[in-house]
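Just target12.tsv here, TSV, C-alpha atoms and all ligand atoms:
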chain	number	residue	atom	x	y	z
A	1	MET	CA	-19.91	-12.19	1.26
A	2	LEU	CA	-21.92	-14.28	3.70
A	3	ASP	CA	-20.69	-15.44	7.10
A	4	TRP	CA	-20.26	-19.19	7.73
A	5	ASP	CA	-23.61	-19.83	9.38
A	6	THR	CA	-25.59	-17.86	6.82
A	7	LEU	CA	-23.69	-19.45	3.93
A	8	GLU	CA	-24.33	-22.96	5.21
A	9	GLN	CA	-28.00	-22.17	5.71
A	10	VAL	CA	-28.32	-20.71	2.20
A	11	CYS	CA	-26.60	-23.77	0.72
A	12	ASN	CA	-28.86	-26.15	2.61
A	13	ASP	CA	-31.92	-24.33	1.25
A	14	CYS	CA	-30.49	-23.90	-2.27
A	15	ASN	CA	-32.62	-24.66	-5.32
A	16	LYS	CA	-30.62	-22.76	-7.92
A	17	CYS	CA	-30.20	-25.82	-10.16
A	18	GLY	CA	-31.89	-29.13	-10.85
A	19	LEU	CA	-29.55	-31.13	-8.60
A	20	CYS	CA	-31.62	-30.01	-5.61
A	21	GLN	CA	-34.43	-32.28	-6.79
A	22	THR	CA	-32.48	-35.51	-6.42
A	23	ARG	CA	-30.14	-34.77	-3.51
A	24	HIS	CA	-30.44	-36.32	-0.07
A	25	HIS	CA	-27.96	-33.89	1.48
A	26	VAL	CA	-26.14	-30.76	0.46
A	27	VAL	CA	-22.44	-31.55	0.87
A	28	PHE	CA	-21.16	-28.26	2.20
A	29	GLY	CA	-17.51	-29.13	2.94
A	30	VAL	CA	-15.44	-30.19	5.95
A	31	GLY	CA	-12.34	-29.05	7.73
A	32	PRO	CA	-10.95	-26.23	9.80
A	33	LYS	CA	-12.38	-22.81	8.87
A	34	ASP	CA	-8.87	-21.38	8.92
A	35	ALA	CA	-7.18	-24.17	6.92
A	36	ASP	CA	-4.18	-23.12	4.83
A	37	VAL	CA	-4.68	-26.00	2.39
A	38	MET	CA	-7.90	-26.80	0.53
A	39	PHE	CA	-8.72	-29.79	-1.69
A	40	ILE	CA	-11.53	-29.40	-4.20
A	41	GLY	CA	-13.25	-32.27	-6.00
A	42	GLU	CA	-15.98	-32.10	-8.59
A	43	GLY	CA	-19.14	-33.11	-6.76
A	44	PRO	CA	-20.56	-35.56	-4.23
A	45	GLY	CA	-21.03	-39.22	-5.13
A	46	GLU	CA	-23.55	-41.64	-3.67
A	47	GLN	CA	-22.01	-42.07	-0.22
A	48	GLU	CA	-21.35	-38.34	0.11
A	49	ASP	CA	-24.95	-37.54	-0.85
A	50	LEU	CA	-26.24	-39.99	1.74
A	51	ARG	CA	-23.94	-38.76	4.52
A	52	GLY	CA	-23.64	-35.06	3.69
A	53	GLU	CA	-19.85	-35.18	3.81
A	54	PRO	CA	-17.31	-34.94	0.98
A	55	PHE	CA	-15.05	-37.82	-0.04
A	56	VAL	CA	-16.38	-40.53	2.29
A	57	GLY	CA	-16.80	-43.25	-0.38
A	58	PRO	CA	-14.07	-45.32	-2.08
A	59	ALA	CA	-12.43	-42.23	-3.64
A	60	GLY	CA	-12.41	-40.64	-0.20
A	61	GLN	CA	-10.59	-43.58	1.32
A	62	LEU	CA	-7.90	-43.21	-1.30
A	63	LEU	CA	-7.80	-39.44	-0.71
A	64	ASP	CA	-7.24	-40.08	3.01
A	65	ASP	CA	-4.37	-42.43	2.13
A	66	MET	CA	-2.90	-39.84	-0.24
A	67	LEU	CA	-3.08	-37.14	2.42
A	68	SER	CA	-1.43	-39.35	5.01
A	69	ILE	CA	1.59	-39.86	2.72
A	70	ILE	CA	2.52	-36.24	3.34
A	71	ASP	CA	1.24	-36.05	6.92
A	72	LEU	CA	-2.01	-34.30	6.05
A	73	SER	CA	-5.50	-35.31	7.12
A	74	ARG	CA	-9.09	-34.13	7.15
A	75	HIS	CA	-8.29	-32.45	10.44
A	76	ASN	CA	-5.79	-29.98	8.99
A	77	CYS	CA	-7.18	-29.37	5.47
A	78	TYR	CA	-10.50	-28.13	4.12
A	79	ILE	CA	-12.21	-30.45	1.64
A	80	GLY	CA	-14.98	-29.34	-0.70
A	81	ASN	CA	-16.37	-29.68	-4.19
A	82	ILE	CA	-17.25	-27.54	-7.22
A	83	VAL	CA	-20.92	-28.54	-6.86
A	84	LYS	CA	-22.46	-29.32	-3.50
A	85	CYS	CA	-25.19	-31.72	-4.67
A	86	ARG	CA	-24.76	-35.10	-6.32
A	87	PRO	CA	-25.13	-35.23	-10.10
A	88	PRO	CA	-27.39	-38.19	-10.98
A	89	ARG	CA	-25.44	-41.41	-11.65
A	90	ASN	CA	-22.24	-39.45	-10.88
A	91	ARG	CA	-22.18	-37.76	-14.29
A	92	ASP	CA	-19.96	-34.70	-14.68
A	93	PRO	CA	-21.66	-31.61	-13.28
A	94	LEU	CA	-23.05	-29.48	-16.13
A	95	GLU	CA	-21.56	-26.05	-16.76
A	96	THR	CA	-24.87	-24.49	-15.67
A	97	GLU	CA	-24.79	-26.46	-12.40
A	98	GLN	CA	-21.19	-25.45	-11.75
A	99	ASP	CA	-22.01	-21.81	-12.45
A	100	ALA	CA	-25.01	-21.93	-10.11
A	101	CYS	CA	-22.88	-23.35	-7.29
A	102	ILE	CA	-19.42	-21.84	-7.66
A	103	GLY	CA	-20.28	-18.65	-5.78
A	104	TYR	CA	-20.71	-20.69	-2.60
A	105	LEU	CA	-17.22	-22.18	-2.95
A	106	ARG	CA	-15.78	-18.73	-3.70
A	107	ASN	CA	-17.44	-17.47	-0.54
A	108	GLN	CA	-15.85	-20.36	1.41
A	109	VAL	CA	-12.43	-19.55	-0.08
A	110	ALA	CA	-12.87	-15.89	0.87
A	111	LEU	CA	-13.70	-16.87	4.46
A	112	ILE	CA	-10.93	-19.47	4.79
A	113	GLN	CA	-8.21	-17.49	2.97
A	114	PRO	CA	-6.09	-20.57	2.22
A	115	LYS	CA	-2.51	-20.35	1.01
A	116	ILE	CA	-2.86	-23.38	-1.28
A	117	ILE	CA	-5.74	-24.94	-3.25
A	118	VAL	CA	-5.34	-28.38	-4.81
A	119	CYS	CA	-7.86	-29.28	-7.51
A	120	LEU	CA	-8.72	-32.96	-7.64
A	121	GLY	CA	-9.25	-33.78	-11.30
A	122	ARG	CA	-10.05	-31.98	-14.51
A	123	ILE	CA	-13.45	-30.53	-13.61
A	124	ALA	CA	-12.14	-28.61	-10.58
A	125	ALA	CA	-8.94	-27.57	-12.38
A	126	GLN	CA	-10.87	-26.24	-15.36
A	127	LYS	CA	-13.25	-24.31	-13.14
A	128	LEU	CA	-10.69	-22.87	-10.73
A	129	ILE	CA	-7.43	-22.64	-12.69
A	130	ASP	CA	-7.97	-22.52	-16.44
A	131	PRO	CA	-10.94	-23.56	-18.63
A	132	GLU	CA	-8.46	-25.24	-21.00
A	133	PHE	CA	-6.62	-27.14	-18.22
A	134	ARG	CA	-5.35	-30.56	-19.37
A	135	ILE	CA	-4.89	-32.73	-16.31
A	136	THR	CA	-2.53	-35.24	-17.95
A	137	ARG	CA	-0.21	-32.46	-19.07
A	138	GLN	CA	-0.58	-29.84	-16.36
A	139	HIS	CA	-0.99	-31.76	-13.09
A	140	GLY	CA	1.68	-30.94	-10.53
A	141	ARG	CA	2.29	-27.41	-11.85
A	142	TRP	CA	1.68	-24.42	-9.62
A	143	THR	CA	0.26	-21.02	-10.49
A	144	GLU	CA	-0.44	-18.15	-8.14
A	145	LYS	CA	-3.88	-16.60	-8.48
A	146	ASN	CA	-5.05	-13.76	-6.24
A	147	GLY	CA	-2.37	-14.62	-3.69
A	148	ILE	CA	-3.31	-18.32	-3.55
A	149	TRP	CA	-1.11	-21.10	-4.94
A	150	MET	CA	-3.25	-23.28	-7.19
A	151	GLY	CA	-2.35	-26.75	-8.44
A	152	ALA	CA	-4.04	-29.93	-9.56
A	153	THR	CA	-3.57	-33.66	-9.38
A	154	TYR	CA	-5.54	-36.64	-10.62
A	155	HIS	CA	-8.93	-37.24	-9.07
A	156	PRO	CA	-8.76	-40.21	-6.63
A	157	SER	CA	-11.52	-41.94	-8.66
A	158	ALA	CA	-9.23	-41.80	-11.70
A	159	LEU	CA	-6.46	-43.33	-9.59
A	160	LEU	CA	-8.81	-46.14	-8.55
A	161	ARG	CA	-9.63	-46.85	-12.19
A	162	ASP	CA	-6.07	-46.53	-13.50
A	163	VAL	CA	-3.31	-47.40	-11.06
A	164	SER	CA	-0.65	-46.56	-13.66
A	165	LYS	CA	-1.29	-42.86	-12.87
A	166	ARG	CA	-0.41	-43.30	-9.18
A	167	PRO	CA	3.33	-42.60	-9.46
A	168	GLU	CA	2.55	-39.22	-11.06
A	169	ALA	CA	0.03	-38.46	-8.32
A	170	PHE	CA	2.69	-39.37	-5.77
A	171	ASP	CA	5.05	-36.84	-7.37
A	172	ASP	CA	2.27	-34.23	-7.15
A	173	LEU	CA	1.93	-34.93	-3.43
A	174	ILE	CA	5.66	-34.47	-2.93
A	175	SER	CA	5.44	-31.19	-4.82
A	176	LEU	CA	2.54	-30.17	-2.55
A	177	ARG	CA	4.62	-30.96	0.52
A	178	GLU	CA	7.32	-28.72	-0.90
A	179	LYS	CA	4.82	-25.91	-1.57
A	180	ILE	CA	3.55	-26.24	2.01
A	181	ARG	CA	7.11	-25.83	3.28
A	182	GLU	CA	7.83	-22.94	0.95
A	183	THR	CA	4.68	-20.98	1.90
A	184	GLY	CA	4.83	-21.83	5.60
A	185	ALA	CA	1.27	-23.16	5.35
A	186	LYS	CA	0.14	-24.59	8.68
A	187	VAL	CA	-0.95	-28.22	8.59
B	201	LIG	N1	-15.80	-37.30	-5.82
B	201	LIG	C1	-15.75	-35.96	-5.71
B	201	LIG	O1	-15.34	-35.26	-6.63
B	201	LIG	N2	-16.16	-35.43	-4.56
B	201	LIG	C2	-16.59	-36.13	-3.53
B	201	LIG	O2	-16.94	-35.54	-2.52
B	201	LIG	C3	-16.62	-37.54	-3.66
B	201	LIG	C4	-16.22	-38.10	-4.81
Take the structure in the file and give it back as structure tokens.
Ligand code: URA
Amino acid sequence: MLDWDTLEQVCNDCNKCGLCQTRHHVVFGVGPKDADVMFIGEGPGEQEDLRGEPFVGPAGQLLDDMLSIIDLSRHNCYIGNIVKCRPPRNRDPLETEQDACIGYLRNQVALIQPKIIVCLGRIAAQKLIDPEFRITRQHGRWTEKNGIWMGATYHPSALLRDVSKRPEAFDDLISLREKIRETGAKV
């Protein structure tokens, strides 16, 4: 396991997959290094690639609004992605790209030691919870894995495209608030 500074340096220099050729910035992740709650998306979009920070585009604005509903914010959660470099035209990250990158996220999780991880969307849920994860059926359910409570909700981009999913996402947030209470996670 690498320490924070070394890990960030290694990520910034990474050329383990083709995404390094088109990126402007590696999007390492943001938030307190001792956060009890982590949110994981799939990969940076255009704004994130340009700024080097996760969820700063339209989906990020919605994520901020979602967090504020249950009194969370970027200041008390860690936010990252399955892949740290933008897939061209925002396509889904390939399995090979996810596999090349996932070790960095696992290293971050090992350093942070969160109590709760919330996957944002199918790609993160399938990588971190279950390869067969069906977001429409399994969002809002919790499973404990290696001492960490893992759950998933809709990706904010999906909620921008389809507002009819928002009530279910709201229920997931309420369930997260309950899990935070139950685990005593600090936020
Ligand atoms: N979508 C993601 O999955 N991650 C980001 O950082 C931005 C948009």
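With only C-alpha atoms and all ligand atoms counted, the chains near ligand LIG 201 (chain B) contribute these residues within 6 Å: Gly41, Glu42, Gly43, Pro44, Gly45, Glu48, Pro54, Phe55, Ala59 and Asn81 of chain A.
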Residues as selected, C-alpha atoms, written as a PDB file, keeping the file's coordinate frame, can you do that?
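So selection.pdb came out as:
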ATOM      1  CA  GLY A  41     -13.250 -32.270  -6.000  1.00  0.00           C
ATOM      2  CA  GLU A  42     -15.980 -32.100  -8.590  1.00  0.00           C
ATOM      3  CA  GLY A  43     -19.140 -33.110  -6.760  1.00  0.00           C
ATOM      4  CA  PRO A  44     -20.560 -35.560  -4.230  1.00  0.00           C
ATOM      5  CA  GLY A  45     -21.030 -39.220  -5.130  1.00  0.00           C
ATOM      6  CA  GLU A  48     -21.350 -38.340   0.110  1.00  0.00           C
ATOM      7  CA  PRO A  54     -17.310 -34.940   0.980  1.00  0.00           C
ATOM      8  CA  PHE A  55     -15.050 -37.820  -0.040  1.00  0.00           C
ATOM      9  CA  ALA A  59     -12.430 -42.230  -3.640  1.00  0.00           C
ATOM     10  CA  ASN A  81     -16.370 -29.680  -4.190  1.00  0.00           C
TER      11      ASN A  81
END
For this session: For a cut-off of 10 Å around (1.0, -20.7, -4.6), file coordinates, pick out all residues using only C-alpha atoms and list them as a PyMOL selection string.
Result: chain A and resi 114-118+141-151+176+179-180+182-183
For this session: May I ask which of the residues A:Asp5, A:Val109, A:Arg177, A:Arg122 is the closest one to Tyr154 of chain A, counting all atoms listed in the file?
Result: A:Arg122
Counting all atoms listed in the file, what is within 9 Å of Ile102 of chain A, bar same-chain residues fewer than 3 positions away, as a PDB file with C-alpha atoms, keeping the file's coordinate frame?
ATOM      1  CA  ILE A  82     -17.250 -27.540  -7.220  1.00  0.00           C
ATOM      2  CA  VAL A  83     -20.920 -28.540  -6.860  1.00  0.00           C
ATOM      3  CA  GLU A  97     -24.790 -26.460 -12.400  1.00  0.00           C
ATOM      4  CA  GLN A  98     -21.190 -25.450 -11.750  1.00  0.00           C
ATOM      5  CA  ASP A  99     -22.010 -21.810 -12.450  1.00  0.00           C
ATOM      6  CA  LEU A 105     -17.220 -22.180  -2.950  1.00  0.00           C
ATOM      7  CA  ARG A 106     -15.780 -18.730  -3.700  1.00  0.00           C
ATOM      8  CA  ASN A 107     -17.440 -17.470  -0.540  1.00  0.00           C
ATOM      9  CA  LYS A 127     -13.250 -24.310 -13.140  1.00  0.00           C
TER      10      LYS A 127
END
Exercise. Nearest to Gly29 of chain A among A:Cys14, A:Ile70, A:Leu63, A:Tyr104, with distances taken over all atoms listed in the file: which residue is it?
Worked result: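 Smallest separation from Gly29 of chain A among the options: A:Tyr104.
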Problem set entry | Minimum-distance residue to Val37 of chain A, chosen among A:Glu178, A:Cys20, A:Val187, A:Gln126 (using only C-alpha atoms) |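 With only C-alpha atoms as the atom set, the closest residue is A:Val187.
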Problem set entry | Ala35 of chain A environment, 9 Å, all atoms listed in the file, sequence neighbours closer than 3 positions dropped, as an MDAnalysis selection string | chainID A and resid 31:32 38 76:78 112:115 185:187
Can you complete the atoms of segment 153-172 of chain A to N, CA, C and O atoms and list them as a compact mmCIF listing (two decimals), in the coordinates of the input?
# COMPACT_ATOMS: atom_id res chain seq x y z
N THR A 153 -4.05 -32.29 -9.20
CA THR A 153 -3.57 -33.66 -9.38
C THR A 153 -4.74 -34.50 -9.88
O THR A 153 -5.86 -34.00 -10.03
N TYR A 154 -4.47 -35.76 -10.15
CA TYR A 154 -5.54 -36.64 -10.62
C TYR A 154 -6.61 -36.81 -9.54
O TYR A 154 -6.32 -36.81 -8.34
N HIS A 155 -7.84 -36.95 -10.00
CA HIS A 155 -8.93 -37.24 -9.07
C HIS A 155 -8.71 -38.66 -8.50
O HIS A 155 -8.35 -39.57 -9.26
N PRO A 156 -8.93 -38.86 -7.19
CA PRO A 156 -8.76 -40.21 -6.63
C PRO A 156 -9.56 -41.28 -7.37
O PRO A 156 -9.11 -42.42 -7.47
N SER A 157 -10.74 -40.94 -7.89
CA SER A 157 -11.52 -41.94 -8.66
C SER A 157 -10.75 -42.38 -9.89
O SER A 157 -10.80 -43.56 -10.27
N ALA A 158 -10.04 -41.45 -10.52
CA ALA A 158 -9.23 -41.80 -11.70
C ALA A 158 -8.09 -42.73 -11.29
O ALA A 158 -7.73 -43.65 -12.02
N LEU A 159 -7.57 -42.49 -10.09
CA LEU A 159 -6.46 -43.33 -9.59
C LEU A 159 -6.95 -44.72 -9.18
O LEU A 159 -6.18 -45.67 -9.17
N LEU A 160 -8.23 -44.81 -8.83
CA LEU A 160 -8.81 -46.14 -8.55
C LEU A 160 -9.00 -46.91 -9.85
O LEU A 160 -8.77 -48.11 -9.91
N ARG A 161 -9.39 -46.19 -10.89
CA ARG A 161 -9.63 -46.85 -12.19
C ARG A 161 -8.32 -47.21 -12.88
O ARG A 161 -8.23 -48.21 -13.57
N ASP A 162 -7.31 -46.37 -12.73
CA ASP A 162 -6.07 -46.53 -13.50
C ASP A 162 -4.87 -46.35 -12.57
O ASP A 162 -4.39 -45.24 -12.36
N VAL A 163 -4.40 -47.48 -12.04
CA VAL A 163 -3.31 -47.40 -11.06
C VAL A 163 -2.00 -46.93 -11.69
O VAL A 163 -1.11 -46.47 -10.98
N SER A 164 -1.90 -46.98 -13.01
CA SER A 164 -0.65 -46.56 -13.66
C SER A 164 -0.40 -45.06 -13.47
O SER A 164 0.72 -44.58 -13.66
N LYS A 165 -1.45 -44.31 -13.09
CA LYS A 165 -1.29 -42.86 -12.87
C LYS A 165 -0.77 -42.55 -11.46
O LYS A 165 -0.44 -41.41 -11.15
N ARG A 166 -0.73 -43.57 -10.59
CA ARG A 166 -0.41 -43.30 -9.18
C ARG A 166 0.98 -42.74 -8.96
O ARG A 166 1.14 -41.85 -8.11
N PRO A 167 2.01 -43.21 -9.68
CA PRO A 167 3.33 -42.60 -9.46
C PRO A 167 3.34 -41.10 -9.73
O PRO A 167 3.99 -40.33 -9.00
N GLU A 168 2.60 -40.66 -10.76
CA GLU A 168 2.55 -39.22 -11.06
C GLU A 168 1.82 -38.47 -9.94
O GLU A 168 2.21 -37.37 -9.55
N ALA A 169 0.76 -39.09 -9.43
CA ALA A 169 0.03 -38.46 -8.32
C ALA A 169 0.91 -38.37 -7.08
O ALA A 169 0.86 -37.39 -6.32
N PHE A 170 1.75 -39.38 -6.90
CA PHE A 170 2.69 -39.37 -5.77
C PHE A 170 3.66 -38.18 -5.92
O PHE A 170 3.89 -37.44 -4.97
N ASP A 171 4.17 -37.99 -7.13
CA ASP A 171 5.05 -36.84 -7.37
C ASP A 171 4.33 -35.53 -7.07
O ASP A 171 4.93 -34.59 -6.53
N ASP A 172 3.04 -35.46 -7.43
CA ASP A 172 2.27 -34.23 -7.15
C ASP A 172 2.17 -33.99 -5.64
O ASP A 172 2.22 -32.84 -5.18
